[in-house]
$ cat input.cif   # mmCIF, C-alpha atoms
data_my_file
loop_
_atom_site.label_atom_id
_atom_site.label_comp_id
_atom_site.auth_asym_id
_atom_site.auth_seq_id
_atom_site.Cartn_x
_atom_site.Cartn_y
_atom_site.Cartn_z
CA MET N 2 -25.24 6.64 -79.12
CA SER N 3 -28.81 7.43 -80.11
CA TRP N 4 -31.23 4.55 -80.21
CA ALA N 5 -34.32 3.84 -82.25
CA PRO N 6 -36.48 0.72 -81.95
CA PRO N 7 -34.97 -1.87 -84.30
CA ARG N 8 -37.17 -3.29 -87.02
CA HIS N 9 -36.80 -7.04 -87.20
CA ASP N 10 -37.95 -8.44 -90.53
CA LYS N 11 -38.01 -12.20 -90.34
CA ALA N 12 -35.98 -13.68 -93.14
CA GLY N 13 -37.08 -17.23 -92.45
CA VAL N 14 -36.32 -20.41 -90.59
CA ILE N 15 -33.05 -22.17 -91.31
CA THR N 16 -33.69 -25.54 -92.87
CA ASP N 17 -30.48 -25.92 -94.85
CA LEU N 18 -28.15 -28.41 -93.14
CA THR N 19 -25.01 -26.84 -94.58
CA LEU N 20 -25.95 -23.42 -93.27
CA CYS N 21 -26.80 -24.88 -89.87
CA THR N 22 -23.29 -26.25 -89.50
CA THR N 23 -21.84 -22.74 -89.96
CA LEU N 24 -23.64 -21.44 -86.87
CA PRO N 25 -21.50 -20.93 -83.77
CA TYR N 26 -23.98 -22.56 -81.43
CA GLY N 27 -23.64 -26.13 -80.25
CA LEU N 28 -25.89 -28.51 -82.08
CA SER N 29 -25.60 -30.77 -79.05
CA ILE N 30 -25.83 -29.78 -75.42
CA GLY N 31 -22.20 -30.54 -74.63
CA GLY N 32 -20.84 -28.65 -77.59
CA ALA N 33 -18.47 -31.42 -78.62
CA GLY N 34 -20.52 -32.73 -81.53
CA ALA N 35 -23.96 -32.77 -83.03
CA SER N 36 -26.45 -35.45 -82.15
CA ALA N 37 -29.20 -36.24 -84.60
CA ALA N 38 -31.80 -34.92 -82.15
CA GLY N 39 -29.80 -31.72 -81.66
CA LEU N 40 -29.59 -31.13 -85.39
CA GLU N 41 -33.29 -31.70 -85.84
CA GLN N 42 -34.13 -29.26 -83.08
CA THR N 43 -31.83 -26.57 -84.46
CA ILE N 44 -33.06 -26.95 -88.02
CA SER N 45 -36.68 -26.61 -86.95
CA THR N 46 -36.25 -23.61 -84.64
CA CYS N 47 -33.30 -21.44 -85.76
CA GLU N 48 -34.57 -18.15 -87.16
CA VAL N 49 -32.83 -15.31 -89.02
CA TYR N 50 -33.87 -11.65 -89.10
CA HIS N 51 -32.92 -8.58 -91.12
CA SER N 52 -32.64 -5.64 -88.71
CA PRO N 53 -31.22 -2.52 -90.43
CA THR N 54 -31.35 -0.36 -87.30
CA LEU N 55 -29.64 -2.96 -85.15
CA ALA N 56 -26.99 -3.52 -87.82
CA LYS N 57 -26.32 0.22 -88.06
CA LEU N 58 -25.86 0.54 -84.30
CA ILE N 59 -23.54 -2.45 -84.04
CA PHE N 60 -21.37 -1.46 -87.01
CA LYS N 61 -21.11 2.07 -85.60
CA LYS N 62 -20.06 0.70 -82.20
CA ILE N 63 -17.38 -1.57 -83.68
CA LYS N 64 -16.03 1.17 -85.92
CA GLU N 65 -15.87 3.84 -83.21
CA THR N 66 -14.57 1.78 -80.28
CA ARG N 67 -10.84 2.40 -79.97
CA LEU N 68 -8.63 -0.36 -78.61
CA SER N 69 -7.28 0.63 -75.18
CA GLY N 70 -3.55 1.28 -75.13
CA THR N 71 -3.46 2.36 -78.79
CA LYS N 72 -3.94 5.67 -80.59
CA ASP N 73 -5.60 4.62 -83.82
CA ILE N 74 -6.56 0.93 -83.63
CA TYR N 75 -10.26 0.16 -83.42
CA HIS N 76 -12.32 -2.97 -82.79
CA SER N 77 -13.17 -2.96 -86.48
CA ASP N 78 -9.48 -3.53 -87.25
CA ILE N 79 -9.46 -6.72 -85.18
CA VAL N 80 -12.76 -7.83 -86.68
CA ASP N 81 -11.22 -7.43 -90.15
CA LEU N 82 -8.23 -9.54 -89.11
CA ILE N 83 -10.56 -12.38 -88.16
CA LEU N 84 -12.76 -12.10 -91.26
CA ASN N 85 -9.67 -12.07 -93.50
CA LYS N 86 -8.37 -15.23 -91.85
CA GLY N 87 -9.37 -18.18 -94.00
CA GLY N 88 -12.67 -19.81 -93.12
CA SER N 89 -13.40 -17.53 -90.16
CA ARG N 90 -16.61 -15.92 -88.93
CA ILE N 91 -17.18 -13.47 -86.08
CA TYR N 92 -20.38 -12.66 -84.22
CA VAL N 93 -21.45 -10.06 -81.67
CA TYR N 94 -23.40 -11.99 -79.08
CA GLY N 95 -24.89 -12.06 -75.62
CA GLY N 96 -25.68 -9.09 -73.42
CA TYR N 97 -24.79 -6.36 -75.89
CA VAL N 98 -27.25 -7.62 -78.53
CA ARG N 99 -29.88 -8.33 -75.87
CA ASP N 100 -29.65 -4.83 -74.38
CA LEU N 101 -29.69 -3.05 -77.75
CA ILE N 102 -32.96 -4.76 -78.65
CA VAL N 103 -34.68 -3.41 -75.52
CA GLY N 104 -33.22 0.07 -75.90
CA LYS N 105 -30.24 -0.05 -73.57
CA ASP N 106 -26.88 1.34 -74.68
CA ALA N 107 -24.53 -1.28 -73.26
CA ASP N 108 -20.81 -0.55 -73.09
CA ASP N 109 -19.30 -4.02 -73.28
CA VAL N 110 -19.26 -5.84 -76.61
CA ASP N 111 -18.37 -9.53 -76.59
CA PHE N 112 -17.41 -11.42 -79.72
CA LEU N 113 -17.70 -15.08 -80.60
CA PHE N 114 -15.65 -16.56 -83.40
CA ARG N 115 -15.16 -19.77 -85.31
CA SER N 116 -12.70 -20.84 -87.97
CA SER N 117 -12.06 -23.83 -90.17
CA GLY N 118 -8.50 -22.62 -90.61
CA GLY N 119 -7.19 -23.13 -87.07
CA SER N 120 -8.02 -21.58 -83.71
CA VAL N 121 -8.54 -17.82 -83.70
CA VAL N 122 -7.26 -17.31 -80.13
CA PRO N 123 -3.54 -18.06 -80.71
CA PHE N 124 -3.76 -16.28 -84.06
CA LEU N 125 -4.96 -13.08 -82.38
CA GLU N 126 -2.59 -13.51 -79.46
CA GLN N 127 0.45 -13.72 -81.75
CA ILE N 128 -0.56 -10.66 -83.79
CA ALA N 129 -1.30 -8.66 -80.63
CA LYS N 130 2.10 -9.52 -79.19
CA GLU N 131 3.89 -8.51 -82.38
CA ARG N 132 2.04 -5.17 -82.53
CA GLY N 133 2.17 -4.34 -78.82
CA TRP N 134 -1.57 -4.59 -78.22
CA SER N 135 -1.27 -6.26 -74.79
CA PRO N 136 -3.03 -9.63 -75.21
CA TYR N 137 -4.27 -11.32 -72.07
CA ARG N 138 -5.92 -14.60 -71.14
CA LYS N 139 -7.97 -15.05 -67.99
CA ILE N 140 -6.73 -17.60 -65.50
CA ASP N 141 -8.74 -20.77 -65.00
CA GLU N 142 -9.64 -20.80 -61.28
CA SER N 143 -9.60 -24.60 -61.19
CA THR N 144 -6.19 -25.12 -62.84
CA GLY N 145 -4.31 -21.83 -62.44
CA ALA N 146 -3.44 -21.91 -66.17
CA GLY N 147 -4.38 -19.46 -68.90
CA ARG N 148 -7.80 -20.20 -70.36
CA TRP N 149 -7.97 -21.46 -73.94
CA ASP N 150 -11.52 -20.16 -74.31
CA PHE N 151 -10.91 -16.45 -73.85
CA ILE N 152 -8.76 -13.65 -75.21
CA SER N 153 -8.57 -10.01 -74.29
CA ILE N 154 -6.60 -7.48 -76.33
CA GLY N 155 -5.73 -4.00 -75.09
CA ASP N 156 -4.66 -2.19 -71.93
CA ARG N 157 -6.63 -3.78 -69.09
CA SER N 158 -6.74 -0.53 -67.08
CA GLU N 159 -8.58 1.25 -69.93
CA THR N 160 -7.38 4.56 -68.45
CA ASP N 161 -6.91 6.21 -71.86
CA GLY N 162 -10.56 6.06 -72.82
CA GLY N 163 -10.13 3.01 -75.03
CA VAL N 164 -11.84 -0.34 -74.53
CA LYS N 165 -10.44 -3.88 -74.54
CA PHE N 166 -11.44 -6.32 -77.27
CA THR N 167 -12.72 -9.56 -75.73
CA GLY N 168 -13.79 -12.72 -77.49
CA HIS N 169 -14.40 -16.41 -77.15
CA PRO N 170 -13.99 -19.28 -79.61
CA LEU N 171 -16.76 -21.65 -80.59
CA TYR N 172 -17.76 -24.24 -77.96
CA ALA N 173 -16.31 -22.31 -75.04
CA SER N 174 -19.50 -23.00 -73.03
CA CYS N 175 -20.32 -19.28 -73.12
CA GLU N 176 -22.78 -19.27 -75.99
CA GLY N 177 -25.79 -18.29 -73.90
CA GLU N 178 -27.08 -19.90 -70.72
CA PHE N 179 -30.58 -18.54 -71.33
CA THR N 180 -32.34 -18.01 -74.63
CA MET N 181 -32.25 -14.19 -74.44
CA ASN N 182 -28.45 -14.46 -74.35
CA THR N 183 -28.19 -16.75 -77.37
CA LEU N 184 -28.90 -14.05 -79.96
CA LEU N 185 -26.12 -13.45 -82.48
CA PHE N 186 -25.32 -10.70 -84.92
CA ASP N 187 -23.30 -12.08 -87.82
CA VAL N 188 -20.84 -9.31 -88.70
CA HIS N 189 -20.12 -10.73 -92.15
CA SER N 190 -23.73 -11.05 -93.35
CA GLY N 191 -25.27 -8.37 -91.13
CA VAL N 192 -28.16 -10.55 -89.95
CA LEU N 193 -29.58 -11.31 -86.52
CA ILE N 194 -29.64 -15.02 -85.71
CA ASP N 195 -31.97 -16.53 -83.12
CA PRO N 196 -30.68 -20.11 -82.73
CA THR N 197 -33.46 -21.29 -80.40
CA GLY N 198 -36.40 -19.47 -81.95
CA ASN N 199 -37.26 -18.07 -78.50
CA GLY N 200 -34.40 -15.62 -77.95
CA LEU N 201 -35.97 -12.54 -79.52
CA LYS N 202 -39.38 -12.82 -77.85
CA ASP N 203 -37.82 -13.73 -74.49
CA THR N 204 -35.54 -10.68 -74.75
CA VAL N 205 -38.39 -8.20 -75.24
CA ASN N 206 -40.51 -9.92 -72.57
CA TYR N 207 -37.67 -10.20 -70.00
CA VAL N 208 -38.12 -13.95 -69.77
CA LEU N 209 -35.62 -16.58 -68.57
CA ARG N 210 -35.68 -19.88 -70.44
CA ILE N 211 -33.04 -22.61 -70.60
CA PRO N 212 -32.37 -23.26 -74.32
CA PHE N 213 -32.86 -27.02 -73.96
CA PRO N 214 -35.78 -29.30 -73.06
CA VAL N 215 -36.30 -30.26 -69.41
CA SER N 216 -34.54 -33.57 -70.00
CA GLY N 217 -31.36 -31.62 -70.77
CA TRP N 218 -31.42 -29.22 -67.81
CA LYS N 219 -29.14 -31.32 -65.62
CA THR N 220 -26.52 -31.51 -68.35
CA TRP N 221 -26.97 -27.77 -68.99
CA LEU N 222 -26.15 -27.09 -65.35
CA GLU N 223 -23.13 -29.38 -65.30
CA THR N 224 -21.71 -28.13 -68.62
CA ASP N 225 -19.93 -25.15 -67.14
CA ARG N 226 -16.38 -24.24 -66.20
CA LEU N 227 -17.59 -23.42 -62.68
CA VAL N 228 -20.65 -25.55 -61.97
CA GLY N 229 -23.27 -23.42 -60.25
CA MET N 230 -22.40 -20.12 -61.95
CA LYS N 231 -25.54 -20.39 -64.11
CA LEU N 232 -27.65 -20.56 -60.95
CA LEU N 233 -26.17 -17.29 -59.67
CA ARG N 234 -26.69 -15.67 -63.06
CA TYR N 235 -30.35 -16.71 -62.88
CA PHE N 236 -30.75 -14.87 -59.57
CA ASN N 237 -28.84 -11.89 -60.94
CA PHE N 238 -31.17 -11.61 -63.93
CA CYS N 239 -34.18 -11.89 -61.63
CA SER N 240 -32.81 -8.90 -59.70
CA ARG N 241 -32.97 -6.98 -63.00
CA GLY N 242 -36.63 -7.75 -63.64
CA TYR N 243 -36.46 -11.08 -65.52
CA THR N 244 -38.89 -13.89 -64.66
CA PRO N 245 -38.91 -17.62 -65.51
CA PHE N 246 -40.83 -18.54 -68.66
CA ASP N 247 -43.27 -20.61 -66.56
CA SER N 248 -43.47 -18.08 -63.72
CA GLY N 249 -46.00 -18.99 -61.07
CA PRO N 250 -46.33 -20.95 -57.83
CA ASN N 251 -45.47 -24.20 -59.62
CA SER N 252 -42.66 -22.91 -61.86
CA GLN N 253 -40.55 -25.87 -62.89
CA LEU N 254 -37.59 -23.68 -63.82
CA ARG N 255 -37.59 -21.82 -60.50
CA GLY N 256 -37.84 -25.11 -58.61
CA PHE N 257 -34.93 -26.58 -60.58
CA ILE N 258 -32.73 -23.52 -59.94
CA VAL N 259 -33.49 -23.25 -56.22
CA SER N 260 -33.22 -26.97 -55.51
CA ASN N 261 -29.81 -27.21 -57.16
CA PHE N 262 -28.66 -24.01 -55.46
CA LEU N 263 -29.58 -25.57 -52.12
CA ARG N 264 -27.88 -28.84 -52.99
CA LEU N 265 -24.60 -27.34 -54.17
CA THR N 266 -24.46 -24.77 -51.35
CA LYS N 267 -25.12 -27.44 -48.71
CA SER N 268 -22.27 -29.57 -50.07
CA GLY N 269 -19.85 -26.62 -50.10
CA ASP N 270 -19.43 -26.84 -53.87
CA MET N 271 -20.76 -23.29 -54.31
CA ASN N 272 -18.17 -21.54 -52.13
CA GLN N 273 -15.63 -20.89 -54.88
CA VAL N 274 -18.35 -20.09 -57.40
CA ILE N 275 -19.96 -17.54 -55.08
CA ALA N 276 -16.58 -15.90 -54.40
CA VAL N 277 -15.77 -15.60 -58.11
CA PHE N 278 -19.26 -14.34 -59.01
CA PHE N 279 -19.28 -11.64 -56.33
CA LYS N 280 -15.79 -10.51 -57.21
CA ARG N 281 -16.69 -10.08 -60.88
CA LYS N 282 -20.31 -8.94 -60.75
CA ILE N 283 -21.10 -7.41 -57.35
CA PHE N 284 -17.89 -6.09 -55.79
CA ARG N 285 -16.58 -4.32 -58.88
CA GLY N 286 -16.14 -0.68 -59.76
CA PRO N 287 -16.38 2.14 -57.16
CA VAL N 288 -16.71 0.74 -53.66
CA GLU N 289 -19.68 2.97 -52.84
CA GLY N 290 -21.83 0.89 -55.18
CA HIS N 291 -20.97 -2.49 -53.65
CA GLY N 292 -23.47 -2.42 -50.79
CA GLU N 293 -26.48 -1.63 -52.98
CA ARG N 294 -25.60 -4.30 -55.57
CA GLU N 295 -25.11 -6.87 -52.80
CA ARG N 296 -28.47 -5.97 -51.25
CA VAL N 297 -30.34 -6.18 -54.57
CA PHE N 298 -28.81 -9.55 -55.44
CA ARG N 299 -29.41 -10.96 -51.95
CA ASN N 300 -33.07 -9.91 -52.02
CA SER N 301 -33.47 -11.57 -55.40
CA VAL N 302 -32.14 -14.90 -54.08
CA VAL N 303 -34.32 -14.77 -50.98
CA ASP N 304 -37.44 -13.80 -52.97
CA GLU N 305 -36.95 -16.60 -55.50
CA MET N 306 -36.40 -19.16 -52.75
CA CYS N 307 -39.52 -18.04 -50.90
CA LYS N 308 -41.62 -18.51 -54.06
CA VAL N 309 -40.78 -22.20 -54.37
CA LYS N 310 -43.30 -24.49 -52.70
CA VAL N 311 -41.57 -27.84 -53.21
CA TYR N 312 -37.83 -28.32 -52.82
CA GLU N 313 -37.18 -31.67 -54.54
CA GLY N 314 -35.85 -33.42 -51.47
CA GLU N 315 -33.91 -30.46 -50.02
CA LYS N 316 -35.05 -29.41 -46.53
CA MET N 317 -35.50 -25.66 -46.39
CA PRO N 318 -37.13 -23.09 -44.04
CA ARG N 319 -40.43 -21.85 -45.45
CA ASN N 320 -40.82 -18.32 -44.10
CA HIS N 321 -38.94 -15.22 -45.24
CA SER N 322 -36.99 -14.55 -42.04
CA ASP N 323 -35.70 -18.12 -41.87
CA VAL N 324 -34.58 -17.98 -45.51
CA VAL N 325 -32.69 -14.76 -44.75
CA GLU N 326 -30.93 -16.46 -41.83
CA TRP N 327 -30.08 -19.40 -44.08
CA TYR N 328 -28.58 -16.98 -46.60
CA LYS N 329 -26.45 -15.35 -43.89
CA ALA N 330 -25.11 -18.69 -42.73
CA ASN N 331 -24.56 -20.38 -46.10
CA VAL N 332 -23.96 -17.73 -48.75
CA VAL N 333 -22.50 -14.66 -47.07
CA GLN N 334 -19.66 -16.71 -45.59
CA ALA N 335 -18.48 -17.51 -49.13
CA TYR N 336 -18.16 -13.86 -50.20
CA PRO N 337 -14.66 -12.73 -51.23
CA GLU N 338 -12.34 -11.99 -48.33
CA GLY N 339 -13.01 -8.68 -46.61
CA ARG N 340 -16.57 -8.38 -47.93
CA VAL N 341 -18.54 -10.47 -45.41
CA LYS N 342 -19.12 -7.57 -43.02
CA LEU N 343 -20.67 -5.53 -45.83
CA ALA N 344 -23.78 -7.70 -45.94
CA PHE N 345 -26.74 -6.62 -43.78
CA GLU N 346 -24.97 -3.44 -42.58
#
$ encode --input "input.cif" --output "structure tokens"
Amino acid sequence: MSWAPPRHDKAGVITDLTLCTTLPYGLSIGGAGASAAGLEQTISTCEVYHSPTLAKLIFKKIKETRLSGTKDIYHSDIVDLILNKGGSRIYVYGGYVRDLIVGKDADDVDFLFRSSGGSVVPFLEQIAKERGWSPYRKIDESTGAGRWDFISIGDRSETDGGVKFTGHPLYASCEGEFTMNTLLFDVHSGVLIDPTGNGLKDTVNYVLRIPFPVSGWKTWLETDRLVGMKLLRYFNFCSRGYTPFDSGPNSQLRGFIVSNFLRLTKSGDMNQVIAVFFKRKIFRGPVEGHGERERVFRNSVVDEMCKVKVYEGEKMPRNHSDVVEWYKANVVQAYPEGRVKLAFE
């Protein structure tokens, strides 16, 4: 896919309450309902952009991506199914939109959908079963049951050159842990939506910012299927060149991330989270790439920890070598089985 710098023409700031309620982003931090303060914040900051180049690239991607395990079914066919379902909207969101804006041709496209006519997940699952499209739901690590907040359609092996369709319903706690991941492309209207008002500028500046005020950071951290996963994603983004919005020796965001990482790791609550994260993000694909990804991520964690001057009550070694030893003793031991020896080789 060829890429040209998208032109983002600001269409305005959303101030219409009715339009605000059609957005797929939580108007309250927990996602279960909209507080008055949440509504006020959204109405004052949510921005919409016309971006013809971005729209062209996304529509081309959807139209040309064939569903794995089929000969002539494309992602656009599934998108049409959702849009033709009463009261439904579908959005391309997250990493794909973020990477397109900075000139990267990402492979994975994730969709977010909402509907006033019943949940989209069982609707898609039933149609996929009837048509032999191999629907799949990830297993919830904490319960062992199929997750309600995720659906994948298509052959999971993707050996035929096709790609799975993956999507999440509204309020699945996946709508963007940092502002640069909150950007949405509304497939129906063809506009780019920046719910926080900071997503677009943070994307182009490689900045990490929690999309809630400091008073909501604790709830942000705890509102997750696996508490602590957002901390690991912070370190992972830092390994890719992102920096906290208040980067510096007294960064409040960095201090919050590191202190909570220390706290949860010390209690043992991070063990399962670390294992799941490394299985999905580090130890994936060809085995020859595992060692380098592990090293880059590990260095990111150590570097971020060494930059923090005050650890909010958590005792922590101050010099680089001691932090490395702490990482060996507290993080490496939680790697997925068979991968511990890989570290530091």
$ closest_residue --input "input.cif" --among "N:Ser52, N:Ser260, N:Thr71, N:Thr266" --to "Gly162 of chain N" --atoms "all atoms listed in the file"
N:Thr71
$ resolve_selection --input "input.cif" --expression "the PyMOL selection byres ((chain N and resi 59) around 12)" --output "PyMOL selection string"
chain N and resi 2-4+7+52-58+60-66+76-77+92-94+97-102+106-112+185-188+191-193
$ atom_distance --input "input.cif" --atom1 "atom CA of Phe179 of chain N" --atom2 "atom CA of Arg210 of chain N"
5.3 Å
$ residues_around --input "input.cif" --residues "Gly168 of chain N" --least-positions-apart "4" --cutoff "8 Å" --atoms "all atoms listed in the file" --output "PyMOL selection string"
chain N and resi 111-114+151-153
$ closest_residue --input "input.cif" --among "N:Leu68, N:Val228, N:Leu222, N:Val303" --to "Ile275 of chain N" --atoms "all atoms listed in the file"
N:Val228
$ residues_around --input "input.cif" --residues "Leu232 of chain N" --least-positions-apart "5" --cutoff "12 Å" --atoms "only C-alpha atoms" --output "tab-separated table (two decimals) with C-alpha atoms, in the frame of the given file"
chain	number	residue	atom	x	y	z
N	178	GLU	CA	-27.08	-19.90	-70.72
N	179	PHE	CA	-30.58	-18.54	-71.33
N	209	LEU	CA	-35.62	-16.58	-68.57
N	211	ILE	CA	-33.04	-22.61	-70.60
N	218	TRP	CA	-31.42	-29.22	-67.81
N	219	LYS	CA	-29.14	-31.32	-65.62
N	221	TRP	CA	-26.97	-27.77	-68.99
N	222	LEU	CA	-26.15	-27.09	-65.35
N	223	GLU	CA	-23.13	-29.38	-65.30
N	225	ASP	CA	-19.93	-25.15	-67.14
N	227	LEU	CA	-17.59	-23.42	-62.68
N	237	ASN	CA	-28.84	-11.89	-60.94
N	238	PHE	CA	-31.17	-11.61	-63.93
N	239	CYS	CA	-34.18	-11.89	-61.63
N	254	LEU	CA	-37.59	-23.68	-63.82
N	255	ARG	CA	-37.59	-21.82	-60.50
N	256	GLY	CA	-37.84	-25.11	-58.61
N	257	PHE	CA	-34.93	-26.58	-60.58
N	258	ILE	CA	-32.73	-23.52	-59.94
N	259	VAL	CA	-33.49	-23.25	-56.22
N	260	SER	CA	-33.22	-26.97	-55.51
N	261	ASN	CA	-29.81	-27.21	-57.16
N	262	PHE	CA	-28.66	-24.01	-55.46
N	263	LEU	CA	-29.58	-25.57	-52.12
N	264	ARG	CA	-27.88	-28.84	-52.99
N	265	LEU	CA	-24.60	-27.34	-54.17
N	266	THR	CA	-24.46	-24.77	-51.35
N	271	MET	CA	-20.76	-23.29	-54.31
N	274	VAL	CA	-18.35	-20.09	-57.40
N	275	ILE	CA	-19.96	-17.54	-55.08
N	278	PHE	CA	-19.26	-14.34	-59.01
N	302	VAL	CA	-32.14	-14.90	-54.08
N	305	GLU	CA	-36.95	-16.60	-55.50
